[in-house]
Amino acid sequence: MPGRDVLIIIFEGVQSLDVTGPLEVFAGAGPRAYRVTTASPDGTPVRTSSGLTLLPDLDLSAAPPPDTVVVPGGEGTRSHDPAVVDWLRRHASRARRVASVCSGAFLLAEAGLLAGRRTTTHWSVCDSLARRYPDVEVDPQPIFVRDGPIATSAGVTAGIDLALALVEEDCGREIALEIARHLVMFLRRPGNQAQFSTQLSAQLAARPGLREVQRWVADNPHADLSVPALARRASLSPRQFARAFAGEVGQTPGRYVDNVRLEAARRLLLDGDDGLERIAARCGYGTAETMRRAFIRELGVSPGEYRRRF
């Protein structure tokens, strides 16, 4: 017998990868785990934002009560298709859980499903979501967020991460890992991982000297990265450097260094076999205990647990 019913709603202007990414994850678990169905508002083919035409299985109005609803994003969310919003408003509460990918969060918000909930979406539209729906708590950092039966995710590939997390919840870690391997997903990212790396999330300084400091910090997390040491590299006084760095990069030097070291340690934990003491030394923490405290503070898990889980 088929397993849980997963309904993926499609509409004109949908982002194709927001549809096919989660679909491939759920389908990868096999028909005994999930039965995946796509539905459009009138049951007719839809054209995605990239020009691909998708043929739905059903008219949305005829869709049976699903276990899981997935609402993709894309340019089509800007017009708030009334048929999709109305269906969500009337039927989504019957599902065990509802998930959105990218700007699909706007459709959930329009249907009233995100009121009072913590949520995320693609970084480029987080401010717009927060302004348009002030009763929604928008967090621009995580790649996905779970708040009760509602799950929201950032752009495109984050939908795959979220779908893998849902499969792990239903079917266990081994099946989720096997799907990730099949899709050549080298790493299943935890939901609280930032949408961007430190180098992408921080601004690039305008001054060449400060930009060189940013590059040097990323390449040398083990070095002396104190404000006086970095100021010497930029040929500025410590006070001038700290003020200029924060103004142009958008983070204090200390916060920037903390983020770079954490990112470097996470990469070494996942991509190599070095012990915790060696990784701590290579990333400038000095001791494994100092690194452990940084991981607990920022990620909520110890380095050993992070490596084991991800």
# chains A, B, ... in the order shown; residues from 1 in each chain; ligands from 1

$ select_by_dssp --residues "range 3-184 of chain A" --states "helix (DSSP H, G or I)" --output "ChimeraX atom specification"
/A:16-28,60-62,75-79,82-94,104-110,123-132,157-171,173-182

$ residues_around --residues "Arg211 in chain A" --least-positions-apart "2" --cutoff "12 Å" --atoms "only C-alpha atoms" --output "ChimeraX atom specification"
/A:199,202-209,213-218,230,233-234,244-245,248-249

$ write_last_selection --atoms "N, CA, C and O atoms" --output "compact mmCIF listing (two decimals), in the first residue's frame"
# COMPACT_ATOMS: atom_id res chain seq x y z
N GLN A 199 31.70 34.86 4.16
CA GLN A 199 32.22 35.74 3.13
C GLN A 199 31.11 36.31 2.25
O GLN A 199 31.22 37.40 1.72
N ALA A 202 28.62 38.81 4.70
CA ALA A 202 29.22 40.08 5.06
C ALA A 202 29.43 40.93 3.81
O ALA A 202 29.62 40.42 2.72
N GLN A 203 29.41 42.23 4.01
CA GLN A 203 29.69 43.12 2.90
C GLN A 203 31.18 43.08 2.58
O GLN A 203 32.02 42.84 3.44
N LEU A 204 31.50 43.33 1.32
CA LEU A 204 32.90 43.46 0.93
C LEU A 204 33.31 44.90 1.15
O LEU A 204 32.65 45.83 0.66
N ALA A 205 34.36 45.09 1.93
CA ALA A 205 34.80 46.44 2.27
C ALA A 205 35.16 47.23 1.00
O ALA A 205 35.62 46.67 0.01
N ALA A 206 34.95 48.53 1.08
CA ALA A 206 35.26 49.39 -0.06
C ALA A 206 36.77 49.63 -0.18
O ALA A 206 37.31 49.67 -1.29
N ARG A 207 37.45 49.76 0.94
CA ARG A 207 38.90 50.04 0.91
C ARG A 207 39.68 48.79 0.56
O ARG A 207 39.46 47.72 1.14
N PRO A 208 40.61 48.89 -0.35
CA PRO A 208 41.43 47.71 -0.72
C PRO A 208 42.12 47.09 0.49
O PRO A 208 42.23 45.87 0.60
N GLY A 209 42.61 47.92 1.40
CA GLY A 209 43.30 47.39 2.57
C GLY A 209 42.40 46.54 3.45
O GLY A 209 42.82 45.50 3.96
N VAL A 213 42.37 42.39 4.24
CA VAL A 213 42.26 41.83 5.58
C VAL A 213 41.18 40.74 5.59
O VAL A 213 41.38 39.66 6.18
N GLN A 214 40.05 40.99 4.96
CA GLN A 214 38.99 39.98 4.90
C GLN A 214 39.49 38.69 4.25
O GLN A 214 39.22 37.59 4.75
N ARG A 215 40.20 38.82 3.15
CA ARG A 215 40.73 37.64 2.47
C ARG A 215 41.75 36.93 3.35
O ARG A 215 41.78 35.69 3.43
N TRP A 216 42.58 37.69 4.02
CA TRP A 216 43.65 37.10 4.84
C TRP A 216 43.05 36.35 6.04
O TRP A 216 43.51 35.26 6.40
N VAL A 217 42.01 36.91 6.64
CA VAL A 217 41.34 36.25 7.77
C VAL A 217 40.78 34.90 7.32
O VAL A 217 40.93 33.88 8.01
N ALA A 218 40.13 34.88 6.16
CA ALA A 218 39.54 33.63 5.67
C ALA A 218 40.59 32.57 5.40
O ALA A 218 40.35 31.38 5.60
N LEU A 230 45.22 42.90 13.11
CA LEU A 230 44.57 43.18 11.83
C LEU A 230 44.73 44.63 11.44
O LEU A 230 44.85 44.96 10.25
N ARG A 233 47.91 45.18 9.63
CA ARG A 233 47.83 44.74 8.24
C ARG A 233 47.16 45.78 7.35
O ARG A 233 47.48 45.90 6.17
N ALA A 234 46.22 46.50 7.92
CA ALA A 234 45.50 47.52 7.16
C ALA A 234 46.18 48.88 7.24
O ALA A 234 45.68 49.84 6.65
N ALA A 244 36.30 51.60 10.90
CA ALA A 244 36.17 51.47 9.44
C ALA A 244 35.67 50.09 9.05
O ALA A 244 34.82 49.94 8.16
N PHE A 245 36.17 49.04 9.71
CA PHE A 245 35.76 47.67 9.39
C PHE A 245 34.27 47.49 9.64
O PHE A 245 33.53 46.97 8.78
N GLU A 248 32.17 49.42 7.01
CA GLU A 248 32.19 48.95 5.62
C GLU A 248 31.77 47.48 5.47
O GLU A 248 31.26 47.10 4.42
N VAL A 249 32.00 46.67 6.48
CA VAL A 249 31.69 45.24 6.39
C VAL A 249 30.34 44.91 7.00
O VAL A 249 29.69 43.93 6.63

$ residues_around --residues "range 58-70 of chain A" --least-positions-apart "3" --cutoff "8 Å" --atoms "only C-alpha atoms" --output "compact mmCIF listing (two decimals) with all heavy atoms, in the first residue's frame"
# COMPACT_ATOMS: atom_id res chain seq x y z
N ARG A 4 2.37 7.90 2.91
CA ARG A 4 1.78 9.22 3.14
C ARG A 4 1.59 9.97 1.82
O ARG A 4 2.45 9.92 0.94
CB ARG A 4 2.68 10.01 4.07
CG ARG A 4 2.87 9.39 5.45
CD ARG A 4 3.91 10.18 6.23
NE ARG A 4 4.06 9.71 7.59
CZ ARG A 4 4.88 8.72 7.95
NH1 ARG A 4 5.62 8.11 7.03
NH2 ARG A 4 4.97 8.34 9.21
N ASP A 5 0.49 10.71 1.73
CA ASP A 5 0.23 11.52 0.54
C ASP A 5 0.92 12.87 0.67
O ASP A 5 0.71 13.60 1.66
CB ASP A 5 -1.27 11.75 0.37
CG ASP A 5 -1.97 10.51 -0.17
OD1 ASP A 5 -1.61 10.07 -1.28
OD2 ASP A 5 -2.84 9.97 0.53
N VAL A 6 1.74 13.21 -0.32
CA VAL A 6 2.40 14.51 -0.39
C VAL A 6 1.82 15.26 -1.59
O VAL A 6 1.87 14.78 -2.72
CB VAL A 6 3.92 14.37 -0.56
CG1 VAL A 6 4.57 15.75 -0.73
CG2 VAL A 6 4.53 13.65 0.64
N LEU A 7 1.24 16.42 -1.34
CA LEU A 7 0.66 17.24 -2.39
C LEU A 7 1.58 18.44 -2.65
O LEU A 7 1.85 19.23 -1.74
CB LEU A 7 -0.73 17.72 -1.99
CG LEU A 7 -1.40 18.69 -2.97
CD1 LEU A 7 -1.71 18.00 -4.29
CD2 LEU A 7 -2.67 19.29 -2.35
N ILE A 8 2.05 18.58 -3.88
CA ILE A 8 2.85 19.73 -4.28
C ILE A 8 1.98 20.60 -5.18
O ILE A 8 1.52 20.16 -6.25
CB ILE A 8 4.13 19.31 -5.02
CG1 ILE A 8 4.97 18.38 -4.13
CG2 ILE A 8 4.94 20.53 -5.43
CD1 ILE A 8 6.25 17.87 -4.78
N ILE A 9 1.74 21.82 -4.76
CA ILE A 9 0.88 22.74 -5.51
C ILE A 9 1.73 23.49 -6.55
O ILE A 9 2.77 24.05 -6.22
CB ILE A 9 0.20 23.74 -4.56
CG1 ILE A 9 -0.66 22.98 -3.53
CG2 ILE A 9 -0.65 24.73 -5.34
CD1 ILE A 9 -1.30 23.88 -2.49
N THR A 37 1.86 13.75 -5.37
CA THR A 37 0.91 14.24 -6.36
C THR A 37 1.14 15.73 -6.58
O THR A 37 1.40 16.47 -5.63
CB THR A 37 -0.55 14.03 -5.88
OG1 THR A 37 -0.77 12.65 -5.63
CG2 THR A 37 -1.54 14.52 -6.92
N THR A 38 1.04 16.15 -7.84
CA THR A 38 1.09 17.58 -8.14
C THR A 38 -0.30 18.03 -8.57
O THR A 38 -1.05 17.28 -9.19
CB THR A 38 2.09 17.89 -9.27
OG1 THR A 38 1.74 17.15 -10.44
CG2 THR A 38 3.51 17.51 -8.84
N ALA A 39 -0.65 19.26 -8.24
CA ALA A 39 -1.97 19.78 -8.59
C ALA A 39 -1.87 21.27 -8.90
O ALA A 39 -1.15 22.01 -8.21
CB ALA A 39 -2.96 19.56 -7.46
N SER A 40 -2.57 21.70 -9.94
CA SER A 40 -2.65 23.12 -10.29
C SER A 40 -4.07 23.61 -10.05
O SER A 40 -5.00 22.80 -9.92
CB SER A 40 -2.25 23.33 -11.75
OG SER A 40 -3.23 22.79 -12.63
N PRO A 41 -4.29 24.91 -9.98
CA PRO A 41 -5.62 25.42 -9.64
C PRO A 41 -6.75 24.91 -10.53
O PRO A 41 -7.86 24.70 -10.06
CB PRO A 41 -5.45 26.94 -9.77
CG PRO A 41 -4.03 27.16 -9.41
CD PRO A 41 -3.29 25.99 -10.00
N ASP A 42 -6.49 24.70 -11.81
CA ASP A 42 -7.55 24.20 -12.67
C ASP A 42 -7.21 22.88 -13.34
O ASP A 42 -7.92 22.42 -14.24
CB ASP A 42 -7.91 25.25 -13.73
CG ASP A 42 -6.70 25.68 -14.54
OD1 ASP A 42 -5.62 25.08 -14.35
OD2 ASP A 42 -6.83 26.60 -15.35
N GLY A 43 -6.12 22.28 -12.91
CA GLY A 43 -5.73 20.98 -13.45
C GLY A 43 -5.04 21.04 -14.80
O GLY A 43 -4.71 19.99 -15.37
N THR A 44 -4.79 22.23 -15.32
CA THR A 44 -4.15 22.37 -16.64
C THR A 44 -2.65 22.59 -16.46
O THR A 44 -2.17 22.96 -15.38
CB THR A 44 -4.75 23.55 -17.41
OG1 THR A 44 -4.58 24.75 -16.64
CG2 THR A 44 -6.23 23.32 -17.68
N TRP A 87 -7.54 27.70 -1.39
CA TRP A 87 -7.42 26.28 -1.04
C TRP A 87 -6.61 26.13 0.24
O TRP A 87 -6.98 25.34 1.13
CB TRP A 87 -6.74 25.51 -2.18
CG TRP A 87 -6.76 24.03 -1.96
CD1 TRP A 87 -7.69 23.14 -2.41
CD2 TRP A 87 -5.80 23.26 -1.21
NE1 TRP A 87 -7.38 21.86 -1.98
CE2 TRP A 87 -6.23 21.91 -1.24
CE3 TRP A 87 -4.63 23.58 -0.53
CZ2 TRP A 87 -5.51 20.89 -0.61
CZ3 TRP A 87 -3.93 22.57 0.12
CH2 TRP A 87 -4.37 21.25 0.07
N HIS A 91 -8.13 24.30 3.39
CA HIS A 91 -7.77 22.88 3.51
C HIS A 91 -6.43 22.60 4.20
O HIS A 91 -6.21 21.46 4.63
CB HIS A 91 -7.72 22.25 2.11
CG HIS A 91 -9.03 22.29 1.38
ND1 HIS A 91 -10.10 21.50 1.74
CD2 HIS A 91 -9.44 23.02 0.32
CE1 HIS A 91 -11.12 21.73 0.94
NE2 HIS A 91 -10.74 22.66 0.06
N ALA A 92 -5.54 23.58 4.28
CA ALA A 92 -4.20 23.29 4.80
C ALA A 92 -4.22 22.77 6.24
O ALA A 92 -3.39 21.95 6.62
CB ALA A 92 -3.33 24.54 4.70
N ARG A 94 -6.04 20.70 7.52
CA ARG A 94 -6.32 19.27 7.59
C ARG A 94 -5.07 18.42 7.41
O ARG A 94 -5.07 17.23 7.71
CB ARG A 94 -7.34 18.90 6.51
CG ARG A 94 -8.66 19.65 6.61
CD ARG A 94 -9.60 19.26 5.48
NE ARG A 94 -10.81 20.07 5.48
CZ ARG A 94 -11.76 19.98 4.56
NH1 ARG A 94 -11.63 19.09 3.58
NH2 ARG A 94 -12.82 20.76 4.62
N ALA A 95 -4.01 19.03 6.86
CA ALA A 95 -2.76 18.30 6.65
C ALA A 95 -1.96 18.23 7.95
O ALA A 95 -2.07 19.11 8.81
CB ALA A 95 -1.93 18.98 5.57
N ARG A 96 -1.19 17.18 8.08
CA ARG A 96 -0.33 17.05 9.27
C ARG A 96 0.73 18.14 9.31
O ARG A 96 1.11 18.62 10.39
CB ARG A 96 0.33 15.67 9.28
CG ARG A 96 1.25 15.42 10.47
CD ARG A 96 1.62 13.95 10.57
NE ARG A 96 2.35 13.48 9.40
CZ ARG A 96 3.69 13.39 9.35
NH1 ARG A 96 4.42 13.76 10.39
NH2 ARG A 96 4.28 12.93 8.27
N ARG A 97 1.20 18.54 8.13
CA ARG A 97 2.21 19.61 8.08
C ARG A 97 2.15 20.28 6.71
O ARG A 97 1.73 19.69 5.71
CB ARG A 97 3.61 19.06 8.35
CG ARG A 97 4.05 18.02 7.34
CD ARG A 97 5.27 17.27 7.82
NE ARG A 97 5.65 16.25 6.83
CZ ARG A 97 6.49 15.26 7.06
NH1 ARG A 97 7.05 15.12 8.25
NH2 ARG A 97 6.77 14.37 6.11
N VAL A 98 2.59 21.53 6.69
CA VAL A 98 2.61 22.34 5.47
C VAL A 98 4.01 22.93 5.35
O VAL A 98 4.56 23.45 6.34
CB VAL A 98 1.57 23.47 5.53
CG1 VAL A 98 1.64 24.33 4.26
CG2 VAL A 98 0.17 22.89 5.70
N ALA A 99 4.59 22.85 4.17
CA ALA A 99 5.94 23.35 3.95
C ALA A 99 5.95 24.28 2.75
O ALA A 99 5.24 24.05 1.76
CB ALA A 99 6.91 22.19 3.71
N SER A 100 6.76 25.32 2.83
CA SER A 100 6.94 26.20 1.68
C SER A 100 8.41 26.25 1.30
O SER A 100 9.29 26.02 2.13
CB SER A 100 6.44 27.62 1.98
OG SER A 100 7.25 28.26 2.95
N VAL A 101 8.64 26.53 0.03
CA VAL A 101 9.99 26.71 -0.48
C VAL A 101 10.10 28.13 -1.02
O VAL A 101 9.20 28.59 -1.74
CB VAL A 101 10.32 25.70 -1.61
CG1 VAL A 101 11.77 25.85 -2.06
CG2 VAL A 101 10.04 24.28 -1.15

$ residues_around --residues "Val25 in chain A" --least-positions-apart "5" --cutoff "7 Å" --atoms "only C-alpha atoms" --output "ChimeraX atom specification"
/A:160,163-164,179

$ residues_around --residues "Arg255 in chain A" --least-positions-apart "3" --cutoff "12 Å" --atoms "only C-alpha atoms" --output "list in words"
Thr198, Ala202, Leu225, Ser226, Val227, Ala242, Phe245, Ala246, Val249, Gly250, Gln251, Thr252, Asp258, Asn259, Val260, Arg261, Leu262, Ala294 and Glu298 of chain A

$ select_by_dssp --residues "range 1-237 of chain A" --states "strand (DSSP E or B)" --output "count of residues only"
42

$ atom_distance --atom1 "CA of Ala264 in chain A" --atom2 "CA of Ile279 in chain A"
8.9 Å

$ residues_around --residues "His222 in chain A" --least-positions-apart "3" --cutoff "7 Å" --atoms "only C-alpha atoms" --output "PyMOL selection string"
chain A and resi 281-284

$ atom_distance --atom1 "CA of Arg181 in chain A" --atom2 "CA of Pro303 in chain A"
22.7 Å

$ closest_residue --among "A:Leu183, A:Ala83, A:Ile296, A:Met291" --to "Leu269 in chain A" --atoms "only C-alpha atoms"
A:Met291
